[in-house]
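This is work.cif. It holds mmCIF, C-alpha atoms.
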data_final
#
loop_
_atom_site.label_atom_id
_atom_site.label_comp_id
_atom_site.auth_asym_id
_atom_site.auth_seq_id
_atom_site.Cartn_x
_atom_site.Cartn_y
_atom_site.Cartn_z
CA MET D 1 -33.79 16.68 -6.84
CA ILE D 2 -30.71 18.89 -7.12
CA GLU D 3 -29.28 20.48 -10.26
CA ARG D 4 -26.20 18.47 -11.17
CA LYS D 5 -23.70 21.33 -11.36
CA ILE D 6 -24.91 22.82 -8.09
CA ALA D 7 -24.66 19.43 -6.42
CA ILE D 8 -21.12 18.92 -7.72
CA GLU D 9 -20.00 22.42 -6.72
CA ASN D 10 -21.31 21.84 -3.19
CA ILE D 11 -19.67 18.43 -2.96
CA LEU D 12 -16.31 19.79 -4.11
CA THR D 13 -16.51 22.65 -1.63
CA LYS D 14 -17.26 20.24 1.22
CA LEU D 15 -14.43 17.91 0.20
CA SER D 16 -11.86 20.63 -0.47
CA ASN D 17 -11.31 21.04 3.27
CA LYS D 18 -10.54 17.39 3.80
CA GLU D 19 -7.32 16.80 1.76
CA THR D 20 -9.25 14.41 -0.42
CA TYR D 21 -8.31 13.00 -3.83
CA LEU D 22 -11.07 12.41 -6.36
CA VAL D 23 -11.64 10.09 -9.28
CA SER D 24 -14.46 11.19 -11.54
CA ALA D 25 -16.60 9.30 -14.03
CA LEU D 26 -16.55 9.94 -17.74
CA GLY D 27 -18.87 12.41 -19.41
CA ARG D 28 -20.61 15.26 -17.68
CA ILE D 29 -19.35 14.48 -14.19
CA SER D 30 -15.68 14.82 -15.15
CA ARG D 31 -16.45 17.86 -17.31
CA ASP D 32 -18.31 19.61 -14.49
CA ILE D 33 -15.53 18.94 -12.00
CA TYR D 34 -12.87 20.12 -14.45
CA SER D 35 -14.81 23.35 -15.00
CA MET D 36 -14.61 23.89 -11.21
CA LYS D 37 -10.98 22.85 -10.90
CA ASN D 38 -10.14 26.02 -8.97
CA ILE D 39 -11.89 24.39 -6.00
CA ILE D 40 -9.88 21.18 -6.02
CA ASN D 41 -6.72 22.06 -7.99
CA ASP D 42 -5.17 18.89 -9.40
CA HIS D 43 -6.73 16.60 -6.83
CA CYS D 44 -8.85 14.82 -9.42
CA PHE D 45 -8.19 11.97 -11.81
CA TYR D 46 -10.64 12.64 -14.64
CA CYS D 47 -11.80 9.54 -16.48
CA LEU D 48 -12.46 10.36 -20.13
CA GLY D 49 -13.76 6.86 -20.82
CA SER D 50 -13.43 3.60 -18.87
CA MET D 51 -17.12 3.38 -17.99
CA GLY D 52 -17.55 1.29 -14.85
CA ASN D 53 -13.91 1.50 -13.80
CA VAL D 54 -14.04 4.45 -11.41
CA ILE D 55 -14.78 2.51 -8.22
CA PRO D 56 -12.23 -0.29 -8.74
CA PHE D 57 -9.58 2.21 -9.85
CA THR D 58 -10.20 4.26 -6.71
CA LEU D 59 -10.02 1.10 -4.61
CA GLY D 60 -6.59 0.37 -6.09
CA LEU D 61 -5.46 3.92 -5.27
CA SER D 62 -6.71 3.64 -1.70
CA LEU D 63 -4.79 0.40 -1.19
CA SER D 64 -1.65 1.90 -2.66
CA TYR D 65 -1.85 5.06 -0.53
CA PRO D 66 -3.38 3.90 2.78
CA ASN D 67 -2.65 7.24 4.45
CA LYS D 68 -4.54 9.36 1.91
CA LYS D 69 -8.28 9.75 1.41
CA PHE D 70 -10.04 9.04 -1.87
CA VAL D 71 -13.54 9.67 -3.19
CA ALA D 72 -14.91 8.11 -6.36
CA ILE D 73 -17.57 10.25 -8.03
CA GLU D 74 -19.53 7.92 -10.23
CA GLY D 75 -22.72 8.11 -12.30
CA ASP D 76 -25.68 5.80 -11.84
CA GLY D 77 -25.32 4.32 -15.33
CA SER D 78 -21.69 3.42 -14.89
CA LEU D 79 -22.33 2.15 -11.36
CA LEU D 80 -24.87 -0.29 -12.77
CA MET D 81 -22.16 -1.49 -15.14
CA CYS D 82 -19.98 -2.52 -12.19
CA LEU D 83 -22.21 -3.46 -9.25
CA GLY D 84 -19.84 -6.34 -8.52
CA ALA D 85 -17.15 -3.76 -7.75
CA LEU D 86 -19.13 -2.76 -4.67
CA VAL D 87 -18.74 -6.30 -3.36
CA THR D 88 -14.99 -6.13 -3.94
CA LEU D 89 -14.96 -2.71 -2.29
CA LYS D 90 -16.73 -4.07 0.78
CA ARG D 91 -14.31 -6.97 0.97
CA TYR D 92 -10.98 -5.19 0.63
CA SER D 93 -11.33 -1.47 1.28
CA GLY D 94 -10.20 0.41 4.34
CA SER D 95 -11.59 3.58 5.83
CA ASN D 96 -9.84 5.87 3.34
CA ILE D 97 -12.31 5.53 0.47
CA SER D 98 -15.86 6.72 -0.08
CA ILE D 99 -18.19 6.84 -3.05
CA ILE D 100 -20.53 9.55 -4.35
CA ILE D 101 -23.09 8.57 -6.97
CA ILE D 102 -24.63 11.27 -9.15
CA ASP D 103 -27.99 9.64 -9.84
CA ASN D 104 -30.04 11.25 -12.60
CA LYS D 105 -31.53 7.93 -13.78
CA SER D 106 -30.09 8.69 -17.20
CA PHE D 107 -27.26 8.11 -19.60
CA GLU D 108 -27.06 11.89 -19.81
CA SER D 109 -23.90 12.17 -21.90
CA THR D 110 -25.38 10.17 -24.75
CA GLY D 111 -28.64 12.10 -24.90
CA GLY D 112 -30.50 11.33 -21.69
CA GLN D 113 -31.65 7.77 -22.31
CA SER D 114 -33.20 6.19 -19.23
CA SER D 115 -30.77 4.12 -17.16
CA GLN D 116 -33.26 2.58 -14.70
CA PRO D 117 -36.87 1.39 -14.55
CA LYS D 118 -39.21 4.01 -13.04
CA ASP D 119 -39.73 2.15 -9.77
CA PHE D 120 -36.11 1.06 -9.40
CA GLU D 121 -34.63 1.80 -5.97
CA LEU D 122 -30.92 2.25 -6.60
CA THR D 123 -30.32 3.22 -2.98
CA SER D 124 -31.84 -0.06 -1.71
CA VAL D 125 -29.68 -2.09 -4.07
CA VAL D 126 -26.49 -0.30 -3.03
CA LYS D 127 -27.45 -0.35 0.66
CA SER D 128 -27.84 -4.13 0.52
CA ILE D 129 -24.13 -4.30 -0.28
CA ILE D 130 -22.78 -1.30 1.62
CA PRO D 131 -25.03 -0.52 4.62
CA GLU D 132 -23.50 2.92 5.15
CA THR D 133 -25.35 4.30 2.15
CA TYR D 134 -27.18 7.63 2.30
CA GLU D 135 -29.63 9.11 -0.18
CA ILE D 136 -29.45 12.86 -0.69
CA SER D 137 -32.33 14.63 -2.45
CA THR D 138 -31.97 18.23 -1.31
CA LEU D 139 -29.13 20.72 -1.22
CA GLN D 140 -29.46 20.99 2.56
CA GLU D 141 -28.72 17.28 2.92
CA ILE D 142 -25.33 17.55 1.21
CA HIS D 143 -23.87 18.54 4.55
CA LEU D 144 -24.24 14.81 5.42
CA ILE D 145 -21.19 14.21 3.25
CA GLU D 146 -19.05 16.64 5.20
CA LYS D 147 -20.36 15.27 8.48
CA ASN D 148 -20.11 11.53 7.83
CA ILE D 149 -17.46 10.92 5.21
CA PHE D 150 -14.39 9.03 6.46
CA GLN D 151 -15.91 8.77 9.92
CA THR D 152 -16.46 5.01 9.76
CA VAL D 153 -14.05 2.09 9.40
CA THR D 154 -15.91 1.01 6.27
CA PRO D 155 -16.61 3.03 3.13
CA SER D 156 -19.72 5.16 2.96
CA ILE D 157 -21.74 5.85 -0.16
CA TYR D 158 -23.78 8.97 -0.94
CA ILE D 159 -26.39 8.79 -3.69
CA ILE D 160 -27.24 12.30 -4.86
CA LYS D 161 -30.53 12.61 -6.73
CA CYS D 162 -29.88 15.08 -9.56
CA SER D 163 -31.71 16.57 -12.51
CA LEU D 164 -30.43 16.73 -16.09
CA GLN D 165 -28.47 19.83 -17.09
CA SER D 166 -26.45 21.14 -20.01
CA PRO D 167 -22.82 19.96 -20.17
CA SER D 168 -19.73 21.86 -19.09
CA PRO D 169 -16.96 22.36 -21.70
CA ARG D 170 -14.82 19.39 -22.67
CA ILE D 171 -11.61 18.68 -20.80
CA ASP D 172 -8.63 20.03 -22.72
CA LEU D 173 -6.03 17.72 -21.16
CA SER D 174 -4.65 14.48 -22.56
CA PRO D 175 -5.07 11.32 -20.46
CA THR D 176 -1.36 11.29 -19.61
CA GLN D 177 -1.47 14.95 -18.57
CA ILE D 178 -4.40 14.12 -16.29
CA LYS D 179 -2.47 11.24 -14.77
CA ASN D 180 0.73 13.22 -14.29
CA ASN D 181 -1.06 16.20 -12.72
CA PHE D 182 -2.88 13.87 -10.35
CA LEU D 183 0.29 11.98 -9.49
CA ASN D 184 2.16 15.20 -8.78
CA SER D 185 -0.55 16.34 -6.40
CA LEU D 186 -0.58 12.92 -4.69
CA ASN D 187 3.14 12.99 -4.15
CA LYS D 188 3.41 16.58 -2.91
CA MET C 1 2.13 -28.32 -4.82
CA LYS C 2 2.76 -28.89 -8.50
CA GLU C 3 6.14 -27.78 -9.84
CA TYR C 4 4.60 -25.26 -12.24
CA GLU C 5 2.67 -23.66 -9.37
CA SER C 6 5.88 -23.32 -7.43
CA ASN C 7 7.55 -21.72 -10.46
CA ILE C 8 4.70 -19.22 -10.86
CA ILE C 9 5.03 -18.23 -7.19
CA ASN C 10 8.80 -17.88 -7.51
CA ALA C 11 8.46 -15.81 -10.67
CA ILE C 12 6.04 -13.42 -8.98
CA GLU C 13 8.13 -13.18 -5.81
CA ILE C 14 11.45 -12.65 -7.57
CA SER C 15 9.81 -9.89 -9.63
CA LYS C 16 8.76 -8.23 -6.33
CA MET C 17 5.02 -8.08 -7.01
CA GLU C 18 3.32 -6.87 -3.83
CA ILE C 19 -0.13 -8.22 -4.63
CA ILE C 20 -1.92 -10.41 -7.13
CA ILE C 21 -5.34 -9.34 -8.39
CA SER C 22 -7.39 -12.06 -9.95
CA VAL C 23 -10.62 -13.51 -11.20
CA PRO C 24 -9.59 -17.03 -10.23
CA THR C 25 -8.50 -19.48 -12.86
CA SER C 26 -8.46 -23.22 -12.37
CA GLY C 27 -5.12 -25.02 -12.28
CA ILE C 28 -3.20 -22.78 -9.87
CA ASP C 29 -5.02 -23.30 -6.59
CA ASN C 30 -1.80 -23.43 -4.60
CA VAL C 31 -0.68 -20.09 -6.02
CA TYR C 32 -3.84 -18.54 -4.61
CA LYS C 33 -3.40 -20.33 -1.27
CA TYR C 34 0.15 -19.00 -1.03
CA PHE C 35 -0.77 -15.35 -1.66
CA GLU C 36 -3.98 -15.55 0.38
CA SER C 37 -1.97 -16.76 3.38
CA LYS C 38 0.17 -13.66 3.06
CA GLU C 39 -2.85 -11.38 2.57
CA ARG C 40 -1.52 -10.37 -0.81
CA CYS C 41 -4.40 -11.61 -2.95
CA ILE C 42 -7.41 -9.64 -4.16
CA TYR C 43 -10.25 -11.43 -5.93
CA SER C 44 -12.31 -9.26 -8.24
CA THR C 45 -15.70 -10.00 -9.75
CA ARG C 46 -14.66 -9.29 -13.34
CA GLU C 47 -11.46 -9.03 -15.32
CA ASP C 48 -11.95 -5.35 -16.22
CA GLU C 49 -12.42 -4.62 -12.53
CA ALA C 50 -9.12 -6.39 -11.80
CA MET C 51 -7.38 -4.23 -14.40
CA ALA C 52 -8.79 -1.02 -12.92
CA ILE C 53 -7.75 -2.00 -9.38
CA ALA C 54 -4.27 -2.77 -10.69
CA ALA C 55 -4.08 0.60 -12.45
CA GLY C 56 -4.95 2.44 -9.25
CA PHE C 57 -2.52 0.37 -7.21
CA SER C 58 0.36 0.73 -9.67
CA ILE C 59 0.13 4.52 -10.01
CA SER C 60 2.45 4.79 -7.01
CA LYS C 61 4.96 2.48 -8.75
CA LYS C 62 4.06 -0.34 -6.38
CA LYS C 63 4.16 -3.60 -8.27
CA CYS C 64 1.20 -5.89 -8.83
CA ILE C 65 0.09 -8.51 -11.30
CA VAL C 66 -3.30 -9.43 -12.72
CA ILE C 67 -3.94 -13.16 -13.13
CA ILE C 68 -6.87 -14.37 -15.20
CA GLN C 69 -8.00 -17.27 -17.30
CA GLN C 70 -7.91 -16.92 -21.08
CA SER C 71 -11.71 -16.96 -21.20
CA GLY C 72 -11.74 -13.61 -19.38
CA VAL C 73 -9.57 -11.66 -21.83
CA GLY C 74 -12.62 -10.45 -23.76
CA ASN C 75 -13.99 -8.82 -20.62
CA LEU C 76 -11.04 -6.52 -20.12
CA LEU C 77 -10.27 -5.09 -23.54
CA ASN C 78 -12.18 -1.82 -23.13
CA THR C 79 -10.39 -1.12 -19.84
CA MET C 80 -7.11 -1.98 -21.51
CA PHE C 81 -7.75 0.56 -24.28
CA THR C 82 -9.39 3.41 -22.36
CA LEU C 83 -7.58 3.30 -19.03
CA ILE C 84 -4.38 1.26 -19.08
CA GLU C 85 -3.06 2.26 -22.51
CA SER C 86 -4.58 5.74 -22.73
CA TYR C 87 -3.26 6.86 -19.34
CA ASP C 88 -0.04 4.84 -19.69
CA PHE C 89 -0.16 2.44 -16.76
CA TYR C 90 2.13 -0.55 -16.53
CA PHE C 91 1.61 -3.87 -14.79
CA PRO C 92 1.82 -7.43 -16.12
CA VAL C 93 -1.16 -9.64 -16.91
CA LEU C 94 -0.67 -13.39 -16.58
CA VAL C 95 -3.24 -15.22 -18.69
CA TYR C 96 -3.58 -18.86 -17.72
CA ASP C 97 -4.30 -20.62 -20.98
CA ARG C 98 -6.52 -23.67 -20.46
CA GLY C 99 -5.43 -24.80 -23.91
CA THR C 100 -7.11 -26.44 -26.88
CA GLY C 101 -6.85 -29.83 -25.18
CA ASP C 102 -8.68 -28.83 -21.98
CA ILE C 103 -11.13 -31.28 -20.45
CA ASN C 104 -13.91 -28.68 -20.95
CA PRO C 105 -14.49 -28.20 -24.69
CA ILE C 106 -15.78 -24.67 -24.16
CA HIS C 107 -12.16 -23.58 -23.71
CA TRP C 108 -10.97 -24.96 -27.06
CA ILE C 109 -12.25 -22.10 -29.21
CA SER C 110 -11.64 -19.60 -26.41
CA SER C 111 -8.01 -20.65 -26.15
CA LYS C 112 -7.38 -20.59 -29.89
CA ASN C 113 -9.03 -17.21 -30.44
CA THR C 114 -7.65 -15.52 -27.33
CA ASN C 115 -4.16 -16.29 -28.59
CA LYS C 116 -5.07 -14.76 -31.95
CA VAL C 117 -6.63 -11.64 -30.41
CA LEU C 118 -3.73 -11.00 -28.07
CA ASN C 119 -1.14 -11.50 -30.77
CA SER C 120 -2.99 -9.16 -33.12
CA LEU C 121 -2.98 -6.38 -30.51
CA TYR C 122 0.07 -6.85 -28.32
CA LYS C 123 3.34 -8.65 -27.93
CA SER C 124 2.58 -11.55 -25.64
CA VAL C 125 5.09 -13.99 -24.27
CA LYS C 126 4.30 -17.66 -23.82
CA ILE C 127 5.89 -19.13 -20.74
CA ASP C 128 5.96 -22.83 -19.95
CA PHE C 129 5.96 -22.80 -16.17
CA ARG C 130 6.71 -26.52 -16.06
CA LYS C 131 10.29 -25.55 -16.83
CA GLU C 132 12.61 -24.21 -14.15
CA GLU C 133 14.00 -21.53 -16.47
CA SER C 134 10.50 -19.99 -16.70
CA VAL C 135 11.21 -18.04 -13.50
CA ASP C 136 14.19 -16.23 -15.04
CA GLN C 137 12.36 -15.80 -18.33
CA PHE C 138 9.44 -14.11 -16.54
CA GLN C 139 11.73 -11.84 -14.56
CA GLU C 140 13.59 -10.76 -17.68
CA CYS C 141 10.30 -9.94 -19.41
CA ILE C 142 9.19 -7.83 -16.44
CA ARG C 143 12.44 -5.88 -16.70
CA ASN C 144 11.48 -5.17 -20.30
CA ASN C 145 7.95 -4.04 -19.35
CA ILE C 146 6.22 -6.90 -21.14
CA VAL C 147 2.53 -6.77 -20.25
CA TRP C 148 1.01 -9.97 -21.57
CA PHE C 149 2.04 -13.46 -20.50
CA LEU C 150 0.39 -16.65 -21.64
CA ALA C 151 1.06 -19.30 -19.03
CA GLN C 152 1.16 -22.83 -20.33
CA THR C 153 1.19 -25.77 -17.97
CA ASN C 154 -0.27 -28.61 -20.01
#
Kindly present the structure from the file in C-alpha cells form.
Amino acid sequence: MIERKIAIENILTKLSNKETYLVSALGRISRDIYSMKNIINDHCFYCLGSMGNVIPFTLGLSLSYPNKKFVAIEGDGSLLMCLGALVTLKRYSGSNISIIIIDNKSFESTGGQSSQPKDFELTSVVKSIIPETYEISTLQEIHLIEKNIFQTVTPSIYIIKCSLQSPSPRIDLSPTQIKNNFLNSLNK
Amino acid sequence: MKEYESNIINAIEISKMEIIISVPTSGIDNVYKYFESKERCIYSTREDEAMAIAAGFSISKKKCIVIIQQSGVGNLLNTMFTLIESYDFYFPVLVYDRGTGDINPIHWISSKNTNKVLNSLYKSVKIDFRKEESVDQFQECIRNNIVWFLAQTN
C-alpha cells in the first residue's frame, strides 16, 4: 500500500520524461496532480466532475492525436462506474493510450465510503478485459510504469494500491481555463 | 437502403464529420453499415461514454457526431452538464426518435418525455430525414453550432 500523494508524485516524475499528456479523475486525484503541476506543466486535463468519463475522454483524445501519448489517471470508484469503457478501449484504442488506476477501495472525496467488497479483486476484473494489467503495491514497483508503458501495441493498465490521505488544495482554474491550457500544450 | 438512411449519410458526409460515435439505435442499420465499411464508426457501451469520447476527439477541432436513440438521452445528461457544457466542447448529437407510435410501447413515454426534457434544456431541431431538403437543413444547423437534433423517420 502506497500513500496516494507519494504514488502520484512518483508516477508524474516517471511520466514527465515521456512527453505524455494526462487526463485526471475528479476529486483528490486531480487536486493532487494540480498541486504538483510543476512536474507536468500544463500537460494535464483536470476533470472537476464527470465521474466515469476519464477513460472514454482519453480514448477520444488518443484517436484525435494518434502521434501523441495519453495516460488516463482514474480512481477505482469512477472506474467501476464505467467498466464498459474498458471494452470500448480494447476495441478501438491504439498504442498511444494507457491507464493508471489509483485504487484505495474508497470514495475518498466524499468521506471515504467503501467502493468495493472486502474480497473484491479489481485487478482480476480489469485483467479479464485488458490482459496487460499490472498491480502495483509498493513504491519500488512503480518503475514498472516507466519500463512498460507504451511498449505494447495495446493499452496497458496499472492499478496502484493506495492508502487514504488528506486532500490537496482545490484547483483554482475554471473548466475552460483547464481546457485551453491543455489544448495549448497539446498544440505546441 | 431506405431514402431517409441515405439522407442521414449525406447530411453527415456533407457536414464533414470524420467519425460517428454511437450506442446503436434501430432503424438506421444501413447508416452503420456505411460508416463501418469506412472504419469511421465507434460503438460505445453507454451514451455518456459516447459523449466523452466525442469530447476528447473534438478537442482538436476534428468533427464527429454522436448518434443515439431517444431512450438513451437520460444516460448522458450528467456528462453533458459536467464535461461538454462546463468545458465548452462542441459536437452534434443526433437523437433517433422512435416516436409515440413505435411498435414497442416502451418507447411511447420515452419519446414524449425525451422531447420535453430536451426542449426544456436546449434548443433542439427536429429533422424529417424522409425529405430531401433535410440534408441542407442539417448542414445549415451545423454551421450554426446546433447541438441537438431529433431525427424523425416515421
Once you count only C-alpha atoms, what closest atom pair and distance in Å to one decimal does each residue of chain D within 7 Å of chain C have, with rows by chain and rising residue number, as CSV?
residue,atom,partner,partner_atom,distance
D:Gly49,CA,C:Thr82,CA,5.8
D:Ser50,CA,C:Thr82,CA,5.3
D:Asn53,CA,C:Ala52,CA,5.8
D:Pro56,CA,C:Ile53,CA,4.8
D:Phe57,CA,C:Ala52,CA,4.5
D:Thr58,CA,C:Gly56,CA,6.1
D:Leu59,CA,C:Ile53,CA,6.1
D:Gly60,CA,C:Gly56,CA,4.1
D:Leu61,CA,C:Gly56,CA,4.3
D:Leu63,CA,C:Phe57,CA,6.4
D:Ser64,CA,C:Phe57,CA,4.9
D:Gly84,CA,C:Thr45,CA,5.7
D:Ala85,CA,C:Thr45,CA,6.7
D:Thr88,CA,C:Ser44,CA,6.0
D:Pro175,CA,C:Tyr87,CA,4.9
D:Thr176,CA,C:Tyr87,CA,4.8
D:Lys179,CA,C:Tyr87,CA,6.4
Name all residues at most 8 Å from Asp103 (chain D) (count all atoms listed in the file; drop same-chain ones fewer than 4 positions away) and give them as a list in words.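 In the requested form, the answer reads Gly75, Asp76, Ile159, Ile160, Lys161 and Cys162 of chain D.
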I need the residue nearest Ile8 (chain C) from this list: C:Cys141, C:Ile28, C:Leu121, C:Val93. Use only C-alpha atoms for the distance. C:Ile28
List the neighbours of Lys105 (chain D) out to 12 Å using all atoms listed in the file; skip same-chain residues closer than 2 positions along the sequence, and give me the result as a ChimeraX atom specification. /D:1,75-80,101-103,107-109,112-123,159-164
Can you work out which one of D:Ile142, D:Leu22, D:Val153, D:Ala72 has the shortest atom-to-atom distance to Leu186 (chain D), counting only C-alpha atoms?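 Counting only C-alpha atoms, the residue closest to Leu186 (chain D) is D:Leu22.
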Please evaluate the PyMOL selection byres ((chain D and resi 73) around 7) against the displayed coordinates and give the resulting residues as a PyMOL selection string. chain D and resi 23-25+71-72+74+99-101
For the PyMOL selection byres ((chain C and resi 147) around 6), applied here, can you spell out every residue it catches as a PyMOL selection string? chain C and resi 92-93+146+148
Completed region 105-116 of chain C (N, CA, C and O atoms) as a CSV table (one decimal), in the coordinates of the input:
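Wrote result.csv, looks like this:
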chain,number,residue,atom,x,y,z
C,105,PRO,N,-14.6,-28.6,-23.3
C,105,PRO,CA,-14.5,-28.2,-24.7
C,105,PRO,C,-14.8,-26.7,-24.9
C,105,PRO,O,-14.4,-26.2,-25.9
C,106,ILE,N,-15.4,-26.1,-24.0
C,106,ILE,CA,-15.8,-24.7,-24.2
C,106,ILE,C,-14.5,-23.8,-24.2
C,106,ILE,O,-14.5,-22.7,-24.8
C,107,HIS,N,-13.4,-24.3,-23.7
C,107,HIS,CA,-12.2,-23.6,-23.7
C,107,HIS,C,-11.4,-23.8,-25.0
C,107,HIS,O,-10.4,-23.0,-25.2
C,108,TRP,N,-11.8,-24.7,-25.9
C,108,TRP,CA,-11.0,-25.0,-27.1
C,108,TRP,C,-11.0,-23.7,-28.0
C,108,TRP,O,-9.9,-23.3,-28.4
C,109,ILE,N,-12.2,-23.3,-28.3
C,109,ILE,CA,-12.2,-22.1,-29.2
C,109,ILE,C,-11.7,-20.9,-28.5
C,109,ILE,O,-11.0,-20.0,-29.1
C,110,SER,N,-12.1,-20.8,-27.2
C,110,SER,CA,-11.6,-19.6,-26.4
C,110,SER,C,-10.1,-19.5,-26.4
C,110,SER,O,-9.5,-18.4,-26.6
C,111,SER,N,-9.5,-20.6,-26.2
C,111,SER,CA,-8.0,-20.6,-26.2
C,111,SER,C,-7.4,-20.3,-27.5
C,111,SER,O,-6.5,-19.4,-27.6
C,112,LYS,N,-7.9,-20.9,-28.5
C,112,LYS,CA,-7.4,-20.6,-29.9
C,112,LYS,C,-7.6,-19.1,-30.3
C,112,LYS,O,-6.6,-18.4,-30.7
C,113,ASN,N,-8.8,-18.6,-30.0
C,113,ASN,CA,-9.0,-17.2,-30.4
C,113,ASN,C,-8.4,-16.2,-29.5
C,113,ASN,O,-8.0,-15.1,-30.0
C,114,THR,N,-8.3,-16.5,-28.2
C,114,THR,CA,-7.6,-15.5,-27.3
C,114,THR,C,-6.2,-15.3,-27.7
C,114,THR,O,-5.7,-14.2,-27.7
C,115,ASN,N,-5.5,-16.4,-28.1
C,115,ASN,CA,-4.2,-16.3,-28.6
C,115,ASN,C,-4.1,-15.4,-29.8
C,115,ASN,O,-3.2,-14.5,-29.9
C,116,LYS,N,-5.1,-15.6,-30.7
C,116,LYS,CA,-5.1,-14.8,-32.0
C,116,LYS,C,-5.3,-13.3,-31.6
C,116,LYS,O,-4.6,-12.4,-32.2
